[in-house]
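Novice: Got a structure for you, written out below as structure tokens; questions coming shortly.
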Amino acid sequence: MLVSSRSFDEYRAMFALSDDDLAQRVLDCPGGAASFVAQAGARGVDAVAVDPLYGQERDVLGALAQREIEHKHADVAAGARDFVWDWFGTPERYTRLRAESARAFTADIAARPDRYVAGALPHLPFPDRSFDLVLSSHLLFSYGAQLGEDFHLSALIELVRVARREVRLFPVVLHTSDERYPALDRLRNALDALGVPSRLDRVGYAFQPGGDEVLVLDTAAPGPLPATRPGADARDPVRWRHLRAPSGFSAR
Ligand SMILES: C[S@@+](CC[C@H](N)C(=O)[O-])C[C@H]1O[C@@H](n2cnc3c(N)ncnc32)[C@H](O)[C@@H]1O
């Protein structure tokens, strides 16, 4: 898996964020090296990011993201016809925007470290209903070939637990095949049974073919969430390749 660094503008497009949405307290889970919190903070938005990499790896994360961007540029340019270019325009602009985003992230995590909290699904270090809006980009569904259905359900329930109004997840297609995550309907039915209705909205952003839908969970009035969450012990089985820090990087 990549540690990626999408920008505030990408988040706004992926999640169809309105000014009203951004007037609320927002959680970005997982934040990775995205600049959403940095750029939202500069606009006065009360936003926090959580990611397991904000523990030991936080000081090298920006550099790792820059390295990934350089590696990925060649792949994206060579396979350009496999992607949708309406939003980015060209591979060069894609790479430039991602690099700017990684730089904004690096500066902000140093300047406002309290905005970047170490934590991992399916157990987040926040009290119930701590955020109005929870955004989740490019982990659940996207890594559905690696993360099992039990993990997805536990993670979704955990995101619901910390959200007062809505959880939005993008995209709902696998990054490996551009196919919709196969158990999506089953997971939506399970959430519905817990008093969490959901809908799929089309948005004005896609990079993967068919990847232009956001899943919106309405968390305004959930029923009691299971005390022992289904699959709560499910482990995240992905061994993130960026956790193998290259020589020359130190974690602290
Ligand atoms: C592809 S990146 C997406 C980052 C950011 N949302 C973006 O769109 O640029 C996926 C992130 O998920 C994080 N991650 C991996 N396992 C996780 C877990 N169990 N809970 C929360 N985040 C996790 C990784 O550390 C990585 O930063």
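Please note that chains go A, B, ... in the order of the structure tokens, that every chain numbers its residues from 1, and that ligands are numbered from 1 in the order shown.
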DSSP on the backbone: what in segment 2-248 of chain A comes out alpha helix (DSSP H), as a count of residues only?
Specialist: 77
Novice: Pro171 of chain A: which residues within 12 Å, counting only C-alpha atoms, same-chain residues fewer than 5 positions away excluded, as a PyMOL selection string?
Specialist: chain A and resi 11+13-15+135-144+178-181+184+200-203+205-216
Novice: Can you tell me which residues come within 6 Å of ligand 1 when counting only C-alpha atoms and all ligand atoms, ideally as a list in words?
Specialist: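 Those residues are Leu2, Val3, Ser4, Ser5, Arg6, Pro30, Gly31, Gly32, Ala33, Ala34, Asp51, Pro52, Leu53, Ala120, Leu121, Ser137, His138, Leu139 and Asp236 of chain A.
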Novice: Just the selected residues (all heavy atoms), exported as a compact mmCIF listing (two decimals), in the first residue's frame, please.
Specialist:
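Below is the file that was written, part.txt:
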```
# COMPACT_ATOMS: atom_id res chain seq x y z
N LEU A 2 0.36 2.28 -0.59
CA LEU A 2 1.06 3.56 -0.61
C LEU A 2 0.63 4.40 0.57
O LEU A 2 -0.50 4.30 1.03
CB LEU A 2 0.70 4.34 -1.87
CG LEU A 2 1.03 3.71 -3.20
CD1 LEU A 2 0.46 4.57 -4.32
CD2 LEU A 2 2.52 3.55 -3.35
N VAL A 3 1.56 5.25 1.05
CA VAL A 3 1.10 6.33 1.91
C VAL A 3 0.87 7.49 0.94
O VAL A 3 1.77 7.95 0.27
CB VAL A 3 2.09 6.69 3.03
CG1 VAL A 3 3.47 7.00 2.52
CG2 VAL A 3 1.55 7.82 3.85
N SER A 4 -0.38 7.91 0.83
CA SER A 4 -0.68 8.89 -0.21
C SER A 4 -0.99 10.25 0.40
O SER A 4 -1.20 10.38 1.61
CB SER A 4 -1.82 8.39 -1.09
OG SER A 4 -2.88 7.95 -0.28
N SER A 5 -1.03 11.24 -0.46
CA SER A 5 -1.11 12.62 0.01
C SER A 5 -2.08 13.41 -0.87
O SER A 5 -1.66 14.27 -1.63
CB SER A 5 0.28 13.27 0.00
OG SER A 5 0.88 13.06 -1.26
N ARG A 6 -3.34 13.06 -0.72
CA ARG A 6 -4.35 13.83 -1.46
C ARG A 6 -4.51 15.21 -0.82
O ARG A 6 -4.19 15.40 0.35
CB ARG A 6 -5.67 13.05 -1.50
CG ARG A 6 -5.54 11.82 -2.37
CD ARG A 6 -6.76 10.93 -2.44
NE ARG A 6 -6.46 9.83 -3.36
CZ ARG A 6 -5.79 8.73 -3.00
NH1 ARG A 6 -5.39 8.57 -1.75
NH2 ARG A 6 -5.51 7.80 -3.89
N PRO A 30 -8.31 7.31 7.26
CA PRO A 30 -6.95 7.61 7.69
C PRO A 30 -6.43 8.89 7.01
O PRO A 30 -6.69 9.14 5.84
CB PRO A 30 -6.18 6.40 7.15
CG PRO A 30 -6.89 6.05 5.88
CD PRO A 30 -8.35 6.38 6.11
N GLY A 31 -5.62 9.63 7.76
CA GLY A 31 -5.08 10.87 7.21
C GLY A 31 -3.91 10.64 6.27
O GLY A 31 -3.72 11.38 5.32
N GLY A 32 -3.09 9.60 6.54
CA GLY A 32 -1.90 9.37 5.71
C GLY A 32 -1.07 10.65 5.64
O GLY A 32 -0.91 11.36 6.64
N ALA A 33 -0.57 10.96 4.45
CA ALA A 33 0.18 12.22 4.26
C ALA A 33 -0.67 13.22 3.48
O ALA A 33 -0.14 14.09 2.79
CB ALA A 33 1.50 11.94 3.55
N ALA A 34 -2.00 13.09 3.61
CA ALA A 34 -2.90 14.03 2.93
C ALA A 34 -2.80 15.41 3.57
O ALA A 34 -2.53 15.53 4.77
CB ALA A 34 -4.34 13.53 3.00
N ASP A 51 -4.12 8.19 12.07
CA ASP A 51 -3.48 7.19 11.21
C ASP A 51 -2.47 6.44 12.09
O ASP A 51 -1.83 7.06 12.95
CB ASP A 51 -2.74 7.88 10.05
CG ASP A 51 -2.38 6.92 8.91
OD1 ASP A 51 -1.53 6.03 9.12
OD2 ASP A 51 -2.96 7.07 7.81
N PRO A 52 -2.31 5.13 11.87
CA PRO A 52 -1.30 4.41 12.67
C PRO A 52 0.10 4.98 12.47
O PRO A 52 0.94 4.90 13.37
CB PRO A 52 -1.39 2.96 12.17
CG PRO A 52 -2.31 2.94 11.01
CD PRO A 52 -3.09 4.22 11.01
N LEU A 53 0.35 5.59 11.31
CA LEU A 53 1.70 6.10 11.03
C LEU A 53 2.03 7.38 11.79
O LEU A 53 3.17 7.85 11.72
CB LEU A 53 1.86 6.34 9.53
CG LEU A 53 1.77 5.08 8.67
CD1 LEU A 53 1.93 5.45 7.21
CD2 LEU A 53 2.82 4.07 9.09
N ALA A 120 -5.56 3.35 15.07
CA ALA A 120 -5.87 2.45 13.95
C ALA A 120 -7.27 1.88 14.11
O ALA A 120 -7.68 1.53 15.23
CB ALA A 120 -4.85 1.32 13.89
N LEU A 121 -7.97 1.78 13.01
CA LEU A 121 -9.22 1.03 12.97
C LEU A 121 -8.90 -0.44 13.23
O LEU A 121 -7.84 -0.90 12.82
CB LEU A 121 -9.88 1.19 11.60
CG LEU A 121 -10.42 2.60 11.32
CD1 LEU A 121 -10.76 2.75 9.84
CD2 LEU A 121 -11.64 2.89 12.19
N SER A 137 -10.90 8.09 3.26
CA SER A 137 -10.52 7.99 1.85
C SER A 137 -9.45 6.92 1.62
O SER A 137 -8.44 6.89 2.33
CB SER A 137 -10.00 9.36 1.38
OG SER A 137 -8.87 9.27 0.58
N HIS A 138 -9.73 6.03 0.68
CA HIS A 138 -8.72 5.10 0.16
C HIS A 138 -8.14 4.17 1.21
O HIS A 138 -6.92 4.00 1.31
CB HIS A 138 -7.63 5.86 -0.60
CG HIS A 138 -8.16 6.50 -1.84
ND1 HIS A 138 -8.76 7.73 -1.83
CD2 HIS A 138 -8.22 6.05 -3.12
CE1 HIS A 138 -9.17 8.03 -3.07
NE2 HIS A 138 -8.87 7.03 -3.85
N LEU A 139 -9.02 3.58 2.01
CA LEU A 139 -8.61 2.47 2.88
C LEU A 139 -9.70 1.39 2.77
O LEU A 139 -9.50 0.38 2.11
CB LEU A 139 -8.42 2.92 4.33
CG LEU A 139 -8.05 1.76 5.29
CD1 LEU A 139 -6.68 1.17 4.95
CD2 LEU A 139 -8.09 2.22 6.74
N ASP A 236 -5.98 -6.10 11.09
CA ASP A 236 -5.69 -5.50 9.80
C ASP A 236 -4.50 -6.29 9.23
O ASP A 236 -3.40 -6.23 9.76
CB ASP A 236 -5.32 -4.05 10.09
CG ASP A 236 -4.76 -3.33 8.90
OD1 ASP A 236 -4.49 -3.98 7.89
OD2 ASP A 236 -4.59 -2.11 9.00
```
Novice: Run DSSP on the backbone and grab whatever in segment 1-245 of chain A lands in strand (DSSP E); send it over as a ChimeraX atom specification.
Specialist: /A:26-28,47-51,116-118,131-137,163-170,198-202,213-218
Novice: Quick one: of A:Pro122, A:Ala80, A:Ala23, A:Leu194, who's nearest to Arg43 of chain A, counting only C-alpha atoms?
Specialist: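 Checking each of A:Pro122, A:Ala80, A:Ala23, A:Leu194 against Arg43 of chain A, counting only C-alpha atoms, the winner is A:Ala23.
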Novice: Using only C-alpha atoms, which of A:Val160, A:Gln56, A:Thr95, A:Ala47 sits nearest His71 of chain A?
Specialist: A:Thr95
Novice: So how many Å separate atom CA of Ser198 of chain A and atom CA of Val173 of chain A, to one decimal?
Specialist: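 Atom-to-atom, atom CA of Ser198 of chain A to atom CA of Val173 of chain A, that is 16.5 Å.
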Novice: Would you list the contacts of Phe105 of chain A as a PyMOL selection string, taking every protein, DNA or RNA residue within 12 Å and counting only C-alpha atoms, but skipping same-chain residues closer than 2 positions in sequence?
Specialist: chain A and resi 4-8+31-42+49+54+58-66+98-103+107-113+115-116
Novice: Nearest to Asp218 of chain A among A:Leu124, A:Ala77, A:Val134, A:Val196, with distances taken over only C-alpha atoms: which residue is it?
Specialist: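 Among the listed residues, the smallest separation from Asp218 of chain A belongs to A:Val196.
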